[in-house]
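Visitor: Questions regarding the structure given below will be posed in turn.
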Amino acid sequence: REKSQGDARKWILVGYSKGTPDLQEALARYPEVRQVAAAFISVAGASGGSNIADAIPGMVDKYMNQYKLKPTCKGDMAVGFKSLSKLVRGRFLANYPNPFVPTYSIIAASEQNNTSKALLQTWQLLMTYDPLQDGQLTRQDAIVPGSTYLGIAKGDHFAVALPFDKSTDATIKTGMDKTKYPRGALIESLLRFVTADLAKQKR
């Protein structure tokens with residue numbers, strides 16, 4: 001809201017992981033957000049929720065404690081994780097089946113050999129649902145209904161967006177051992193594609 005005051009340019013919103021349903025909620029609840037959004041890109045986003053949130057509700061606390069992330073995260077992480085249940089997200093999508101702005105989805109998918117140790121347990125679990133998954137989300141849950149599908153980023157859920165490979169913490173480097181990824185090139189290519197596609201639609 002602050003940044004949009006006095007600037008007529010519109011925003012391209014980018015949501016990663018839980019950022020996707022958070023932005024979907026914002027677009028649904030606040031018309032002023034829709035008015036300033038040119039497009040929305042979901043990157044490995046939990047639009048449909050996650051089987052992990054239902055099967056292993058305590059997983060977020062494990063990540064927070066094991067990798068010392070709690071000091072940097074505010075609020076109740078467990079409550080946030082519950083909002084990713086399949087039931088909660090299914091209700092939202094039933095109420096809002098169509099995107100409010102042009103929307104694009106790119107999923108992440110990894111094999112066992114390029115999945116970090118921290119995600120191997122959940123990766124094994126999700127293999128029972130869909131071989132195209134990233135250790136946190138299946139392909140189906142990571143595609144926003146009604147969006148333009150952009151394809152697959154070949155990496156696990158953390159690798160495609162979080163720079164754990166640059167951490168100097170030994171615990172993080174041990175658990176997040178497959179997170180080297182060209183994230184800068186990925187986000188640039190997404191933005192270039194979407195801006196070009198939006199320009200085409202205006203012609």
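Naming scheme: A, B, ... for chains in displayed order of the structure tokens; residues 1 onward per chain; ligands 1 onward as shown.
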Return as a Markdown table the residues of range 91-170 of chain A lying at most 12 Å from range 26-34 of chain A, together with the closest atom-to-atom pair for each and the distance in Å to one decimal, counting only C-alpha atoms, with rows in chain order and ascending residue number.
Guide:
```
| residue | atom | partner | partner_atom | distance |
| --- | --- | --- | --- | --- |
| A:Phe92 | CA | A:Ala28 | CA | 9.4 |
| A:Leu93 | CA | A:Ala28 | CA | 10.5 |
| A:Asn95 | CA | A:Ala28 | CA | 9.7 |
| A:Tyr96 | CA | A:Ala28 | CA | 7.5 |
| A:Pro97 | CA | A:Ala28 | CA | 10.7 |
| A:Asn98 | CA | A:Ala28 | CA | 10.2 |
| A:Pro99 | CA | A:Leu27 | CA | 8.6 |
| A:Phe100 | CA | A:Leu27 | CA | 6.7 |
| A:Val101 | CA | A:Arg34 | CA | 6.9 |
| A:Pro102 | CA | A:Arg34 | CA | 10.4 |
| A:Thr103 | CA | A:Leu27 | CA | 11.4 |
```
Visitor: Output all heavy atoms for every residue in the selection just made, as a compact mmCIF listing (two decimals), in the first residue's frame.
Guide:
```
# COMPACT_ATOMS: atom_id res chain seq x y z
N PHE A 92 -10.77 -22.96 0.39
CA PHE A 92 -10.49 -21.68 -0.25
C PHE A 92 -10.67 -21.78 -1.76
O PHE A 92 -11.31 -20.93 -2.39
CB PHE A 92 -9.07 -21.21 0.07
CG PHE A 92 -8.67 -19.96 -0.67
CD1 PHE A 92 -8.97 -18.71 -0.14
CD2 PHE A 92 -8.04 -20.03 -1.90
CE1 PHE A 92 -8.64 -17.56 -0.83
CE2 PHE A 92 -7.70 -18.88 -2.60
CZ PHE A 92 -7.99 -17.64 -2.05
N LEU A 93 -10.10 -22.82 -2.37
CA LEU A 93 -10.18 -22.96 -3.83
C LEU A 93 -11.60 -23.22 -4.30
O LEU A 93 -11.97 -22.84 -5.41
CB LEU A 93 -9.25 -24.08 -4.28
CG LEU A 93 -7.75 -23.81 -4.08
CD1 LEU A 93 -6.94 -25.05 -4.45
CD2 LEU A 93 -7.30 -22.62 -4.90
N ASN A 95 -14.19 -21.83 -2.90
CA ASN A 95 -14.83 -20.51 -2.82
C ASN A 95 -14.30 -19.55 -3.88
O ASN A 95 -15.02 -18.65 -4.33
CB ASN A 95 -14.63 -19.90 -1.43
CG ASN A 95 -15.45 -20.61 -0.37
OD1 ASN A 95 -16.53 -21.12 -0.64
ND2 ASN A 95 -14.92 -20.67 0.85
N TYR A 96 -13.03 -19.72 -4.25
CA TYR A 96 -12.40 -18.82 -5.22
C TYR A 96 -11.70 -19.67 -6.29
O TYR A 96 -10.48 -19.81 -6.31
CB TYR A 96 -11.38 -17.91 -4.53
CG TYR A 96 -11.97 -17.10 -3.40
CD1 TYR A 96 -11.79 -17.49 -2.08
CD2 TYR A 96 -12.71 -15.94 -3.66
CE1 TYR A 96 -12.33 -16.75 -1.04
CE2 TYR A 96 -13.25 -15.20 -2.63
CZ TYR A 96 -13.06 -15.61 -1.31
OH TYR A 96 -13.60 -14.86 -0.29
N PRO A 97 -12.46 -20.27 -7.19
CA PRO A 97 -11.89 -21.21 -8.16
C PRO A 97 -11.07 -20.55 -9.27
O PRO A 97 -10.28 -21.23 -9.94
CB PRO A 97 -13.12 -21.90 -8.74
CG PRO A 97 -14.23 -20.91 -8.57
CD PRO A 97 -13.94 -20.17 -7.31
N ASN A 98 -11.24 -19.24 -9.47
CA ASN A 98 -10.55 -18.56 -10.57
C ASN A 98 -9.59 -17.50 -10.05
O ASN A 98 -9.93 -16.76 -9.11
CB ASN A 98 -11.58 -17.91 -11.52
CG ASN A 98 -12.55 -18.92 -12.09
OD1 ASN A 98 -12.15 -19.94 -12.62
ND2 ASN A 98 -13.84 -18.64 -11.96
N PRO A 99 -8.40 -17.38 -10.64
CA PRO A 99 -7.46 -16.35 -10.21
C PRO A 99 -8.03 -14.95 -10.43
O PRO A 99 -8.80 -14.72 -11.36
CB PRO A 99 -6.24 -16.58 -11.10
CG PRO A 99 -6.37 -17.98 -11.60
CD PRO A 99 -7.84 -18.23 -11.70
N PHE A 100 -7.64 -14.02 -9.59
CA PHE A 100 -8.12 -12.64 -9.69
C PHE A 100 -7.29 -11.81 -10.66
O PHE A 100 -7.76 -10.79 -11.17
CB PHE A 100 -8.09 -11.97 -8.30
CG PHE A 100 -9.12 -12.51 -7.37
CD1 PHE A 100 -8.81 -13.51 -6.46
CD2 PHE A 100 -10.43 -12.02 -7.38
CE1 PHE A 100 -9.76 -14.01 -5.60
CE2 PHE A 100 -11.39 -12.52 -6.52
CZ PHE A 100 -11.06 -13.51 -5.62
N VAL A 101 -6.06 -12.23 -10.91
CA VAL A 101 -5.17 -11.54 -11.85
C VAL A 101 -4.47 -12.62 -12.68
O VAL A 101 -4.50 -13.80 -12.31
CB VAL A 101 -4.11 -10.69 -11.09
CG1 VAL A 101 -4.79 -9.59 -10.28
CG2 VAL A 101 -3.22 -11.54 -10.20
N PRO A 102 -3.85 -12.26 -13.81
CA PRO A 102 -3.10 -13.27 -14.57
C PRO A 102 -2.11 -13.99 -13.67
O PRO A 102 -1.30 -13.35 -12.99
CB PRO A 102 -2.40 -12.44 -15.66
CG PRO A 102 -3.28 -11.24 -15.84
CD PRO A 102 -3.82 -10.93 -14.47
N THR A 103 -2.20 -15.31 -13.64
CA THR A 103 -1.43 -16.09 -12.68
C THR A 103 -0.62 -17.17 -13.39
O THR A 103 -1.07 -17.76 -14.37
CB THR A 103 -2.39 -16.73 -11.65
OG1 THR A 103 -3.09 -15.67 -10.96
CG2 THR A 103 -1.65 -17.57 -10.63
```
Visitor: Please identify the strand (DSSP E or B) residues within range 76-183 of chain A (assignment by DSSP from backbone atoms) and present them as a VMD selection string.
Guide: chain A and resid 103 to 109 133 138 148 to 154
Visitor: Write to file, as a CSV table (one decimal), in the first residue's frame, the residues of the selection just made, with all heavy atoms.
Guide:
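For reference, selection.csv as written:
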```
chain,number,residue,atom,x,y,z
A,103,THR,N,-2.2,-15.3,-13.6
A,103,THR,CA,-1.4,-16.1,-12.7
A,103,THR,C,-0.6,-17.2,-13.4
A,103,THR,O,-1.1,-17.8,-14.4
A,103,THR,CB,-2.4,-16.7,-11.7
A,103,THR,OG1,-3.1,-15.7,-11.0
A,103,THR,CG2,-1.6,-17.6,-10.6
A,104,TYR,N,0.6,-17.4,-12.9
A,104,TYR,CA,1.5,-18.3,-13.5
A,104,TYR,C,2.1,-19.3,-12.4
A,104,TYR,O,2.3,-18.8,-11.3
A,104,TYR,CB,2.7,-17.6,-14.2
A,104,TYR,CG,2.2,-16.6,-15.2
A,104,TYR,CD1,1.8,-15.3,-14.8
A,104,TYR,CD2,2.3,-16.9,-16.6
A,104,TYR,CE1,1.3,-14.4,-15.8
A,104,TYR,CE2,1.9,-16.0,-17.5
A,104,TYR,CZ,1.4,-14.7,-17.1
A,104,TYR,OH,1.0,-13.8,-18.1
A,105,SER,N,2.3,-20.5,-12.7
A,105,SER,CA,2.8,-21.5,-11.8
A,105,SER,C,4.0,-22.2,-12.3
A,105,SER,O,4.0,-22.7,-13.4
A,105,SER,CB,1.7,-22.5,-11.4
A,105,SER,OG,0.6,-22.0,-10.8
A,106,ILE,N,5.1,-22.3,-11.5
A,106,ILE,CA,6.2,-23.2,-11.8
A,106,ILE,C,6.3,-24.1,-10.5
A,106,ILE,O,6.3,-23.6,-9.4
A,106,ILE,CB,7.5,-22.4,-12.1
A,106,ILE,CG1,8.6,-23.4,-12.5
A,106,ILE,CG2,7.9,-21.5,-11.0
A,106,ILE,CD1,9.8,-22.7,-13.1
A,107,ILE,N,6.5,-25.4,-10.8
A,107,ILE,CA,6.6,-26.3,-9.6
A,107,ILE,C,8.1,-26.6,-9.5
A,107,ILE,O,8.9,-26.4,-10.4
A,107,ILE,CB,5.8,-27.6,-9.9
A,107,ILE,CG1,6.4,-28.4,-11.0
A,107,ILE,CG2,4.3,-27.2,-10.2
A,107,ILE,CD1,5.8,-29.8,-11.0
A,108,ALA,N,8.4,-27.2,-8.4
A,108,ALA,CA,9.8,-27.8,-8.2
A,108,ALA,C,9.6,-29.3,-8.1
A,108,ALA,O,8.6,-29.8,-7.7
A,108,ALA,CB,10.4,-27.3,-6.9
A,109,ALA,N,10.6,-30.0,-8.6
A,109,ALA,CA,10.6,-31.5,-8.5
A,109,ALA,C,12.0,-32.0,-8.4
A,109,ALA,O,12.9,-31.5,-9.0
A,109,ALA,CB,9.9,-32.1,-9.7
A,133,GLN,N,7.4,-34.4,-7.3
A,133,GLN,CA,7.2,-33.6,-6.1
A,133,GLN,C,8.6,-33.2,-5.6
A,133,GLN,O,9.6,-33.6,-6.1
A,133,GLN,CB,6.6,-34.5,-5.0
A,133,GLN,CG,7.1,-35.9,-4.9
A,133,GLN,CD,8.2,-36.0,-3.8
A,133,GLN,OE1,8.4,-35.1,-3.0
A,133,GLN,NE2,8.8,-37.2,-3.7
A,138,THR,N,3.4,-31.9,-3.9
A,138,THR,CA,3.2,-32.6,-5.1
A,138,THR,C,2.9,-31.6,-6.3
A,138,THR,O,2.5,-30.5,-6.1
A,138,THR,CB,2.0,-33.6,-5.1
A,138,THR,OG1,0.8,-32.9,-4.9
A,138,THR,CG2,2.2,-34.6,-3.9
A,148,THR,N,-1.4,-20.2,-15.8
A,148,THR,CA,-0.5,-20.7,-16.9
A,148,THR,C,0.6,-21.5,-16.3
A,148,THR,O,1.4,-21.0,-15.4
A,148,THR,CB,0.0,-19.4,-17.6
A,148,THR,OG1,-1.1,-18.7,-18.2
A,148,THR,CG2,0.9,-19.9,-18.8
A,149,TYR,N,0.7,-22.7,-16.7
A,149,TYR,CA,1.8,-23.6,-16.2
A,149,TYR,C,3.1,-23.4,-16.9
A,149,TYR,O,3.2,-23.4,-18.1
A,149,TYR,CB,1.3,-25.0,-16.4
A,149,TYR,CG,2.3,-26.1,-15.9
A,149,TYR,CD1,2.8,-26.1,-14.6
A,149,TYR,CD2,2.8,-27.0,-16.8
A,149,TYR,CE1,3.7,-27.1,-14.2
A,149,TYR,CE2,3.7,-28.0,-16.4
A,149,TYR,CZ,4.2,-28.0,-15.1
A,149,TYR,OH,5.1,-28.9,-14.7
A,150,LEU,N,4.1,-23.0,-16.1
A,150,LEU,CA,5.4,-22.7,-16.7
A,150,LEU,C,6.4,-23.8,-16.7
A,150,LEU,O,7.5,-23.7,-17.3
A,150,LEU,CB,6.0,-21.5,-16.0
A,150,LEU,CG,5.2,-20.2,-16.0
A,150,LEU,CD1,5.9,-19.1,-15.2
A,150,LEU,CD2,4.9,-19.8,-17.4
A,151,GLY,N,6.1,-24.9,-16.0
A,151,GLY,CA,7.0,-26.1,-16.1
A,151,GLY,C,7.6,-26.4,-14.7
A,151,GLY,O,7.1,-26.1,-13.7
A,152,ILE,N,8.8,-27.1,-14.8
A,152,ILE,CA,9.4,-27.6,-13.6
A,152,ILE,C,10.8,-27.0,-13.3
A,152,ILE,O,11.6,-27.0,-14.2
A,152,ILE,CB,9.6,-29.2,-13.7
A,152,ILE,CG1,8.2,-29.8,-14.0
A,152,ILE,CG2,10.2,-29.8,-12.5
A,152,ILE,CD1,8.3,-31.3,-14.3
A,153,ALA,N,11.0,-26.6,-12.1
A,153,ALA,CA,12.3,-26.2,-11.6
A,153,ALA,C,12.9,-27.5,-11.0
A,153,ALA,O,12.4,-28.0,-10.1
A,153,ALA,CB,12.3,-25.1,-10.6
A,154,LYS,N,14.0,-28.0,-11.5
A,154,LYS,CA,14.6,-29.3,-11.1
A,154,LYS,C,15.4,-29.1,-9.9
A,154,LYS,O,16.7,-28.9,-9.9
A,154,LYS,CB,15.4,-29.9,-12.2
A,154,LYS,CG,14.4,-30.3,-13.4
A,154,LYS,CD,15.2,-31.1,-14.5
A,154,LYS,CE,14.3,-31.5,-15.6
A,154,LYS,NZ,15.0,-32.3,-16.6
```
Visitor: Between CA of Thr20 in chain A and CA of Ala46 in chain A, what is the distance, to one decimal in Å?
Guide: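 The value is 6.1 Å.
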Visitor: What is the distance, in Å and to one decimal place, between CA of Gly6 in chain A and CA of Ser42 in chain A?
Guide: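 Rounded to one decimal, the two atoms are 27.1 Å apart.
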